[in-house]
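Colleague: Structure provided below as structure tokens; questions to follow.
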Amino acid sequence: MKALAALTGACGIAAAIVIGFGSDARAQGGCLPGDTPVTIPGTSYSPSQVTITVASTVCWTNEDVISHTVTSDSPGFDSGAIGPNETFRQQFTTAGSFPYHCSYPHNMGGTVVVTGSGPPPPPAAAASSSSATASSC
Ligand SMILES: [Cu+2]
């Protein structure tokens, strides 16, 4: 009985967390699960350097009240203006170090370091485990 009550409580907490994410969905914009997040709290990127594996995606979220861009120092990618609460996703398909900056005169810069391919998670296993979690509640 006690175990059952504990399980029910855990499910209740999980449901509350899901609702919390739902209310933040607009601010988080287009970031997807698995993205490596970088925020723009002001005239800087946080963290200023992220390390990811090939084929991973970085998602920048502008938490400032003015627009910024994510523009590669070398020709490669350019977000264009990212307005407040907007996001920009960029997938990196080759290993290397990719410095970027804001094209506005904000003196801000960052680097995405892409390392060789890591072990990709098996998509089938991830899908089945998440559906099992959902059905158990
Ligand atoms: Cu900027």
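Labeling convention for the structure tokens: chains A, B, ... as they appear, residues from 1 per chain, ligands from 1 in order of appearance.
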Please find the residues contacting ligand 1 at a distance of at most 6 Å between atoms, with only C-alpha atoms and all ligand atoms counted, and report them as an mmCIF file with C-alpha atoms, in the first residue's frame.

Modeller:
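Once everything was written out, this is result_0.cif:
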```
data_model
loop_
_atom_site.group_PDB
_atom_site.id
_atom_site.type_symbol
_atom_site.label_atom_id
_atom_site.label_comp_id
_atom_site.auth_asym_id
_atom_site.auth_seq_id
_atom_site.Cartn_x
_atom_site.Cartn_y
_atom_site.Cartn_z
ATOM 1 C CA THR A 43 25.138 40.898 -24.765
ATOM 2 C CA HIS A 68 20.871 39.406 -31.530
ATOM 3 C CA THR A 69 22.265 37.118 -34.206
ATOM 4 C CA CYS A 102 26.607 38.690 -33.144
ATOM 5 C CA TYR A 104 25.255 43.783 -34.275
ATOM 6 C CA HIS A 106 27.542 44.119 -29.220
#
```

Colleague: Can you pull out the residues contacting Ser79 of chain A? Cut-off 9 Å, using only C-alpha atoms, and skip same-chain residues under 3 positions away; I want them as a list of chain:residue names.

Modeller: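 Skipping anything fewer than 3 positions along the chain leaves A:His68, A:Thr69, A:Val70, A:Thr71, A:Ile82, A:Phe88, A:Arg89, A:Gln90.
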
Colleague: Give the answer as one residue: which of A:Ser48, A:Thr115, A:Thr87, A:Thr53 has the shortest atom-to-atom distance to Pro99 of chain A, using only C-alpha atoms?

Modeller: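 When distances to Pro99 of chain A are compared using only C-alpha atoms, the smallest one comes from A:Ser48.
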
Colleague: Apply DSSP to the structure's backbone, then extract all residues of segment 20-130 of chain A labelled alpha helix (DSSP H) and return them as a PyMOL selection string.

Modeller: chain A and resi 20-28+123-130

Colleague: Set the distance at 9 Å and use only C-alpha atoms: which residues neighbour Pro41 of chain A once local chain neighbours fewer than 6 positions away are removed? I'd like the list as an MDAnalysis selection string.

Modeller: chainID A and resid 61:65

Colleague: Counting only C-alpha atoms, which of A:Pro123, A:Gly110, A:Gly76, A:Pro105 gets nearest to Thr93 of chain A?

Modeller: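 Under the stated criterion, the closest residue is A:Gly76.
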